[in-house]
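The file start_18.txt comes next; it holds compact mmCIF, C-alpha atoms.
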# COMPACT_ATOMS: atom_id res chain seq x y z
CA MET H 1 -38.22 -57.62 -29.87
CA ARG H 2 -38.50 -53.92 -29.41
CA ASN H 3 -38.59 -54.37 -25.60
CA ILE H 4 -35.49 -56.55 -25.70
CA SER H 5 -33.67 -53.94 -27.76
CA ARG H 6 -34.61 -51.14 -25.35
CA PHE H 7 -33.65 -53.33 -22.42
CA SER H 8 -30.28 -54.15 -24.01
CA MET H 9 -29.63 -50.51 -24.71
CA LEU H 10 -30.60 -49.46 -21.17
CA PHE H 11 -28.49 -52.25 -19.67
CA THR H 12 -25.49 -51.26 -21.81
CA VAL H 13 -25.75 -47.58 -20.84
CA MET H 14 -26.16 -48.41 -17.13
CA SER H 15 -23.24 -50.85 -17.19
CA ALA H 16 -20.99 -48.35 -18.94
CA SER H 17 -21.95 -45.65 -16.43
CA ALA H 18 -21.32 -47.95 -13.50
CA LEU H 19 -17.92 -48.99 -14.83
CA ALA H 20 -16.96 -45.40 -15.56
CA GLY H 21 -17.98 -44.46 -12.02
CA CYS H 22 -15.83 -47.22 -10.57
CA ALA H 23 -12.83 -46.16 -12.61
CA TYR H 24 -13.32 -42.57 -11.56
CA GLU H 25 -13.53 -43.49 -7.87
CA SER H 26 -10.39 -45.59 -7.91
CA GLU H 27 -8.40 -42.89 -9.69
CA THR H 28 -9.36 -40.19 -7.23
CA ALA H 29 -9.45 -42.14 -3.97
CA PRO H 30 -7.53 -40.13 -1.39
CA VAL H 31 -4.18 -41.44 -0.24
CA SER H 32 -3.23 -40.75 3.35
CA ALA H 33 -0.25 -38.45 3.91
CA ALA H 34 1.55 -41.21 5.82
CA ALA H 35 1.17 -43.66 2.94
CA ALA H 36 2.27 -41.06 0.37
CA GLN H 37 5.51 -40.10 2.13
CA PRO H 38 8.41 -42.39 3.01
CA PRO H 39 9.37 -42.47 6.69
CA ALA H 40 11.50 -39.61 7.93
CA VAL H 41 15.16 -40.66 8.03
CA ALA H 42 18.16 -38.92 9.57
CA VAL H 43 21.86 -39.73 9.81
CA ALA H 44 24.86 -38.62 11.83
CA THR H 45 28.54 -39.16 11.08
CA LEU H 46 30.40 -39.63 14.38
CA MET H 47 33.78 -37.92 14.62
CA ASP H 48 36.37 -38.13 17.38
CA ALA H 49 38.28 -35.16 18.87
CA ALA H 50 40.96 -35.45 16.16
CA GLY H 51 38.37 -35.26 13.37
CA ASN H 52 38.48 -38.95 12.45
CA ASN H 53 35.30 -40.67 11.33
CA VAL H 54 34.57 -43.30 14.00
CA GLY H 55 31.02 -44.29 13.17
CA GLU H 56 27.55 -43.48 12.03
CA ALA H 57 24.02 -43.32 13.31
CA LYS H 58 20.76 -43.75 11.47
CA LEU H 59 17.43 -42.58 12.87
CA VAL H 60 14.13 -43.62 11.30
CA GLN H 61 10.65 -42.43 12.26
CA GLN H 62 8.51 -45.48 13.10
CA GLY H 63 4.96 -45.03 14.30
CA ASP H 64 5.16 -43.48 17.75
CA GLY H 65 8.93 -43.42 18.08
CA VAL H 66 12.31 -43.16 16.42
CA ALA H 67 14.47 -46.22 15.76
CA VAL H 68 18.13 -45.39 16.43
CA SER H 69 20.97 -47.58 15.08
CA ILE H 70 24.57 -46.65 15.85
CA SER H 71 27.79 -48.37 14.80
CA VAL H 72 31.34 -47.38 15.72
CA SER H 73 34.89 -48.48 15.02
CA GLY H 74 38.23 -47.33 16.35
CA ILE H 75 37.19 -46.42 19.89
CA SER H 76 38.22 -47.99 23.19
CA ALA H 77 36.75 -51.34 24.22
CA GLY H 78 34.09 -51.53 26.92
CA PRO H 79 30.70 -50.00 27.61
CA HIS H 80 30.11 -46.42 26.50
CA GLY H 81 27.27 -44.10 27.50
CA THR H 82 25.55 -43.00 24.31
CA HIS H 83 22.94 -40.26 24.13
CA ILE H 84 21.00 -37.91 21.91
CA HIS H 85 22.10 -34.39 22.87
CA MET H 86 19.96 -31.29 22.51
CA THR H 87 22.04 -29.17 20.13
CA GLY H 88 23.18 -30.01 16.63
CA THR H 89 26.74 -28.77 17.03
CA CYS H 90 29.85 -30.91 17.56
CA ASP H 91 32.88 -28.68 18.13
CA ALA H 92 36.01 -30.66 19.05
CA PRO H 93 37.83 -31.43 21.19
CA ASP H 94 35.25 -31.74 24.02
CA PHE H 95 31.95 -31.57 22.05
CA LYS H 96 30.34 -29.50 24.82
CA THR H 97 28.61 -27.44 22.12
CA ALA H 98 26.20 -30.40 21.75
CA GLY H 99 24.64 -29.28 25.05
CA GLY H 100 23.00 -31.62 27.53
CA HIS H 101 20.92 -34.68 26.87
CA TRP H 102 17.79 -34.17 24.76
CA ASN H 103 15.17 -33.74 27.48
CA PRO H 104 12.03 -32.02 26.16
CA MET H 105 9.87 -33.45 28.97
CA MET H 106 12.23 -32.10 31.69
CA THR H 107 12.63 -35.49 33.42
CA GLN H 108 15.49 -37.06 35.38
CA HIS H 109 18.37 -38.94 33.76
CA GLY H 110 18.72 -42.68 33.29
CA LEU H 111 16.76 -45.47 31.66
CA GLU H 112 16.53 -47.14 35.09
CA ASN H 113 15.58 -43.97 36.99
CA PRO H 114 12.25 -44.55 38.79
CA GLN H 115 11.36 -40.88 38.19
CA GLY H 116 11.56 -41.24 34.42
CA HIS H 117 14.38 -40.59 31.97
CA HIS H 118 15.52 -38.10 29.35
CA SER H 119 14.21 -38.69 25.85
CA GLY H 120 17.85 -38.75 24.72
CA ASP H 121 18.92 -41.52 27.10
CA LEU H 122 20.02 -44.65 25.24
CA PRO H 123 21.45 -47.95 26.52
CA ASN H 124 25.20 -48.31 26.86
CA MET H 125 26.99 -49.35 23.69
CA ASP H 126 29.34 -52.30 24.16
CA VAL H 127 32.52 -51.93 22.13
CA GLN H 128 34.54 -55.09 21.47
CA ALA H 129 38.32 -55.49 21.84
CA ASP H 130 38.72 -54.70 18.12
CA GLY H 131 37.15 -51.26 18.66
CA THR H 132 33.81 -52.01 16.99
CA GLY H 133 30.41 -51.74 18.55
CA SER H 134 26.78 -51.18 17.75
CA LEU H 135 23.55 -50.20 19.40
CA SER H 136 19.90 -50.31 18.32
CA PHE H 137 17.08 -48.80 20.34
CA ILE H 138 13.64 -47.26 19.84
CA VAL H 139 13.08 -43.89 21.50
CA ALA H 140 9.37 -44.11 22.32
CA GLY H 141 7.35 -40.97 21.71
CA ALA H 142 10.16 -39.22 19.83
CA THR H 143 9.72 -37.58 16.44
CA LEU H 144 12.18 -36.31 13.89
CA ARG H 145 10.02 -33.55 12.37
CA ASP H 146 6.50 -33.47 13.75
CA GLY H 147 4.95 -32.94 17.15
CA ASP H 148 5.71 -30.57 19.99
CA ASN H 149 9.38 -31.53 20.50
CA PRO H 150 10.97 -32.86 17.30
CA LEU H 151 14.69 -33.53 17.07
CA PHE H 152 14.80 -31.20 14.07
CA ASP H 153 13.98 -28.06 16.03
CA GLU H 154 15.69 -24.65 15.62
CA ASP H 155 19.07 -25.84 16.90
CA GLY H 156 18.98 -29.51 15.89
CA ALA H 157 20.40 -32.43 17.86
CA ALA H 158 23.48 -34.66 18.00
CA ILE H 159 24.53 -38.20 18.92
CA VAL H 160 27.30 -38.29 21.53
CA VAL H 161 29.40 -41.27 22.67
CA HIS H 162 30.98 -40.92 26.11
CA ALA H 163 34.27 -42.33 27.45
CA GLY H 164 32.69 -44.59 30.07
CA PRO H 165 29.48 -46.42 30.87
CA ASP H 166 26.28 -44.66 31.87
CA ASP H 167 25.11 -45.79 35.33
CA MET H 168 21.50 -45.37 34.09
CA VAL H 169 20.28 -43.51 37.20
CA SER H 170 22.33 -40.50 38.29
CA ASP H 171 21.30 -37.04 37.16
CA PRO H 172 22.21 -35.19 34.99
CA SER H 173 24.32 -37.49 32.79
CA GLY H 174 24.89 -40.90 34.37
CA ASN H 175 28.56 -40.35 35.25
CA SER H 176 29.53 -41.53 31.78
CA GLY H 177 32.65 -39.40 31.51
CA GLY H 178 33.94 -37.14 28.77
CA ARG H 179 32.57 -36.99 25.25
CA ILE H 180 34.77 -38.94 22.85
CA ALA H 181 32.68 -38.84 19.65
CA CYS H 182 29.92 -36.65 18.29
CA GLY H 183 27.78 -36.43 15.18
CA VAL H 184 25.23 -33.82 14.13
CA ILE H 185 21.91 -35.41 13.20
CA ARG H 186 20.98 -34.42 9.62
CA SER H 187 17.97 -35.18 7.48
CA GLU H 188 18.73 -37.77 4.81
Produce structure tokens that represent the structure in this file.
Amino acid sequence: MRNISRFSMLFTVMSASALAGCAYESETAPVSAAAAQPPAVAVATLMDAAGNNVGEAKLVQQGDGVAVSISVSGISAGPHGTHIHMTGTCDAPDFKTAGGHWNPMMTQHGLENPQGHHSGDLPNMDVQADGTGSLSFIVAGATLRDGDNPLFDEDGAAIVVHAGPDDMVSDPSGNSGGRIACGVIRSE
């Protein structure tokens, strides 16, 4: 009987220690930084030369790229070259303060250019007869905050919609015409 009592006591102490150890481990298990933080998100309000709000863009960090979604209303029907530009400034009426296309890798222009393309090159956005259009695209290898060439660098970045279609090959800007809308990319 004495052996059973000692065994019961030893078993109880060992079980309690084991359970306490399990609880301690689960409470202090490290959580990866990626799991602890929501994805980086940015937005841009697109304005035309007269200062009217004509759309918005949302950029979300996803793995090894940035998902870009743009919607517009109140602009002319047809295809429009749309790009990420290298400077986060949108002074009307010509929006030239947004600089050139975002091109941290110093490549040629155009998604169909055999020599590569700017990181800021996006597909043309098709705008319907009612003036509405949208575009969704993933910019592979891009980052909002981290890495060697994030969009949120010292001078920021902007989304620019051009008057005409981008031909997807000619350097430096695809012959897409003047800039008709611009929005500074801001952290959400």
Residues of region 38-82 of chain H within 12 Å of region 170-174 of chain H: nearest atom pair and distance (Å, one decimal) for each, counting all atoms listed in the file, sorted by chain and number, as a Markdown table?
| residue | atom | partner | partner_atom | distance |
| --- | --- | --- | --- | --- |
| H:His80 | CA | H:Gly174 | CA | 10.9 |
| H:Gly81 | CA | H:Gly174 | CA | 7.9 |
| H:Thr82 | CA | H:Ser173 | CA | 10.2 |
Exercise: Leu111 (chain H) partners within 7 Å, only C-alpha atoms, chain neighbours under 3 positions left out, as a PDB file with C-alpha atoms, in the frame of the given file:
ATOM      1  CA  HIS H 117      14.380 -40.590  31.970  1.00  0.00           C
ATOM      2  CA  ASP H 121      18.920 -41.520  27.100  1.00  0.00           C
ATOM      3  CA  MET H 168      21.500 -45.370  34.090  1.00  0.00           C
ATOM      4  CA  VAL H 169      20.280 -43.510  37.200  1.00  0.00           C
TER       5      VAL H 169
END
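Within 9 Å of the point (26.1, -39.7, 22.6), and counting all atoms listed in the file, the protein, DNA and RNA residues are His80, Gly81, Thr82, His83, Ile84, His85, His101, Gly120, Asp121, Leu122, Ala158, Ile159, Val160, Val161, His162, Arg179, Ile180, Ala181, Cys182 and Gly183 of chain H.
Rounded to one decimal, CA of Gly55 (chain H) and CA of Ser136 (chain H) lie 13.7 Å from each other.
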From CA of Asn124 (chain H) to CA of Ser71 (chain H) the spacing works out at 12.3 Å
Using CA of Met86 (chain H) and CA of Arg145 (chain H) as the two end points, give the distance in Å to one decimal.
-> 14.4 Å
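Proximity to Asp146 (chain H) was assessed for H:Asp64, H:Asp48, H:Pro93, H:Glu56 counting only C-alpha atoms; the smallest distance is recorded for H:Asp64.
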Nearest to Val60 (chain H) among H:Thr132, H:Thr143, H:Asn149, H:Asn175, with distances taken over all atoms listed in the file: which residue is it?
-> H:Thr143
Using the atoms already present, construct N, CA and C atoms for region 148-174 of chain H and hand them back as a PDB file, keeping the file's coordinate frame.
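Below you can see part01.pdb, which holds the result:
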ATOM      1  N   ASP H 148       5.329 -31.720  19.173  1.00  0.00           N
ATOM      2  CA  ASP H 148       5.710 -30.570  19.990  1.00  0.00           C
ATOM      3  C   ASP H 148       7.217 -30.435  20.192  1.00  0.00           C
ATOM      4  N   ASN H 149       7.943 -31.551  20.195  1.00  0.00           N
ATOM      5  CA  ASN H 149       9.380 -31.530  20.500  1.00  0.00           C
ATOM      6  C   ASN H 149      10.190 -32.383  19.532  1.00  0.00           C
ATOM      7  N   PRO H 150      10.207 -32.034  18.240  1.00  0.00           N
ATOM      8  CA  PRO H 150      10.970 -32.860  17.300  1.00  0.00           C
ATOM      9  C   PRO H 150      12.473 -32.669  17.466  1.00  0.00           C
ATOM     10  N   LEU H 151      13.226 -33.661  17.049  1.00  0.00           N
ATOM     11  CA  LEU H 151      14.690 -33.530  17.070  1.00  0.00           C
ATOM     12  C   LEU H 151      15.145 -32.419  16.131  1.00  0.00           C
ATOM     13  N   PHE H 152      14.454 -32.267  14.999  1.00  0.00           N
ATOM     14  CA  PHE H 152      14.800 -31.200  14.070  1.00  0.00           C
ATOM     15  C   PHE H 152      14.092 -29.911  14.479  1.00  0.00           C
ATOM     16  N   ASP H 153      14.501 -29.365  15.611  1.00  0.00           N
ATOM     17  CA  ASP H 153      13.980 -28.060  16.030  1.00  0.00           C
ATOM     18  C   ASP H 153      14.947 -26.985  15.556  1.00  0.00           C
ATOM     19  N   GLU H 154      14.861 -25.783  16.095  1.00  0.00           N
ATOM     20  CA  GLU H 154      15.690 -24.650  15.620  1.00  0.00           C
ATOM     21  C   GLU H 154      17.187 -24.924  15.701  1.00  0.00           C
ATOM     22  N   ASP H 155      17.627 -25.623  16.746  1.00  0.00           N
ATOM     23  CA  ASP H 155      19.070 -25.840  16.900  1.00  0.00           C
ATOM     24  C   ASP H 155      19.504 -27.285  16.685  1.00  0.00           C
ATOM     25  N   GLY H 156      18.608 -28.142  16.228  1.00  0.00           N
ATOM     26  CA  GLY H 156      18.980 -29.510  15.890  1.00  0.00           C
ATOM     27  C   GLY H 156      19.313 -30.374  17.083  1.00  0.00           C
ATOM     28  N   ALA H 157      20.022 -31.467  16.823  1.00  0.00           N
ATOM     29  CA  ALA H 157      20.400 -32.430  17.860  1.00  0.00           C
ATOM     30  C   ALA H 157      21.650 -33.178  17.389  1.00  0.00           C
ATOM     31  N   ALA H 158      22.259 -33.909  18.310  1.00  0.00           N
ATOM     32  CA  ALA H 158      23.480 -34.660  18.000  1.00  0.00           C
ATOM     33  C   ALA H 158      23.487 -35.989  18.744  1.00  0.00           C
ATOM     34  N   ILE H 159      24.252 -36.926  18.227  1.00  0.00           N
ATOM     35  CA  ILE H 159      24.530 -38.200  18.920  1.00  0.00           C
ATOM     36  C   ILE H 159      25.911 -38.045  19.539  1.00  0.00           C
ATOM     37  N   VAL H 160      26.018 -38.386  20.835  1.00  0.00           N
ATOM     38  CA  VAL H 160      27.300 -38.290  21.530  1.00  0.00           C
ATOM     39  C   VAL H 160      27.629 -39.637  22.172  1.00  0.00           C
ATOM     40  N   VAL H 161      28.880 -40.075  22.004  1.00  0.00           N
ATOM     41  CA  VAL H 161      29.400 -41.270  22.670  1.00  0.00           C
ATOM     42  C   VAL H 161      30.355 -40.784  23.750  1.00  0.00           C
ATOM     43  N   HIS H 162      30.170 -41.314  24.962  1.00  0.00           N
ATOM     44  CA  HIS H 162      30.980 -40.920  26.110  1.00  0.00           C
ATOM     45  C   HIS H 162      32.109 -41.926  26.374  1.00  0.00           C
ATOM     46  N   ALA H 163      33.093 -41.515  27.168  1.00  0.00           N
ATOM     47  CA  ALA H 163      34.270 -42.330  27.450  1.00  0.00           C
ATOM     48  C   ALA H 163      33.957 -43.569  28.279  1.00  0.00           C
ATOM     49  N   GLY H 164      32.989 -43.476  29.169  1.00  0.00           N
ATOM     50  CA  GLY H 164      32.690 -44.590  30.070  1.00  0.00           C
ATOM     51  C   GLY H 164      31.222 -44.981  30.033  1.00  0.00           C
ATOM     52  N   PRO H 165      30.865 -45.962  30.851  1.00  0.00           N
ATOM     53  CA  PRO H 165      29.480 -46.420  30.870  1.00  0.00           C
ATOM     54  C   PRO H 165      28.566 -45.446  31.612  1.00  0.00           C
ATOM     55  N   ASP H 166      27.326 -45.415  31.194  1.00  0.00           N
ATOM     56  CA  ASP H 166      26.280 -44.660  31.870  1.00  0.00           C
ATOM     57  C   ASP H 166      25.758 -45.543  32.998  1.00  0.00           C
ATOM     58  N   ASP H 167      25.625 -44.990  34.215  1.00  0.00           N
ATOM     59  CA  ASP H 167      25.110 -45.790  35.330  1.00  0.00           C
ATOM     60  C   ASP H 167      23.590 -45.932  35.303  1.00  0.00           C
ATOM     61  N   MET H 168      22.931 -45.270  34.361  1.00  0.00           N
ATOM     62  CA  MET H 168      21.500 -45.370  34.090  1.00  0.00           C
ATOM     63  C   MET H 168      20.580 -44.782  35.159  1.00  0.00           C
ATOM     64  N   VAL H 169      21.156 -44.096  36.178  1.00  0.00           N
ATOM     65  CA  VAL H 169      20.280 -43.510  37.200  1.00  0.00           C
ATOM     66  C   VAL H 169      20.674 -42.115  37.656  1.00  0.00           C
ATOM     67  N   SER H 170      21.946 -41.782  37.682  1.00  0.00           N
ATOM     68  CA  SER H 170      22.330 -40.500  38.290  1.00  0.00           C
ATOM     69  C   SER H 170      22.107 -39.330  37.336  1.00  0.00           C
ATOM     70  N   ASP H 171      21.610 -38.250  37.908  1.00  0.00           N
ATOM     71  CA  ASP H 171      21.300 -37.040  37.160  1.00  0.00           C
ATOM     72  C   ASP H 171      22.494 -36.099  37.244  1.00  0.00           C
ATOM     73  N   PRO H 172      22.912 -35.384  36.248  1.00  0.00           N
ATOM     74  CA  PRO H 172      22.210 -35.190  34.990  1.00  0.00           C
ATOM     75  C   PRO H 172      22.683 -36.072  33.838  1.00  0.00           C
ATOM     76  N   SER H 173      23.810 -36.802  33.989  1.00  0.00           N
ATOM     77  CA  SER H 173      24.320 -37.490  32.790  1.00  0.00           C
ATOM     78  C   SER H 173      24.805 -38.913  33.025  1.00  0.00           C
ATOM     79  N   GLY H 174      24.538 -39.502  34.165  1.00  0.00           N
ATOM     80  CA  GLY H 174      24.890 -40.900  34.370  1.00  0.00           C
ATOM     81  C   GLY H 174      26.347 -41.188  34.611  1.00  0.00           C
TER      82      GLY H 174
END
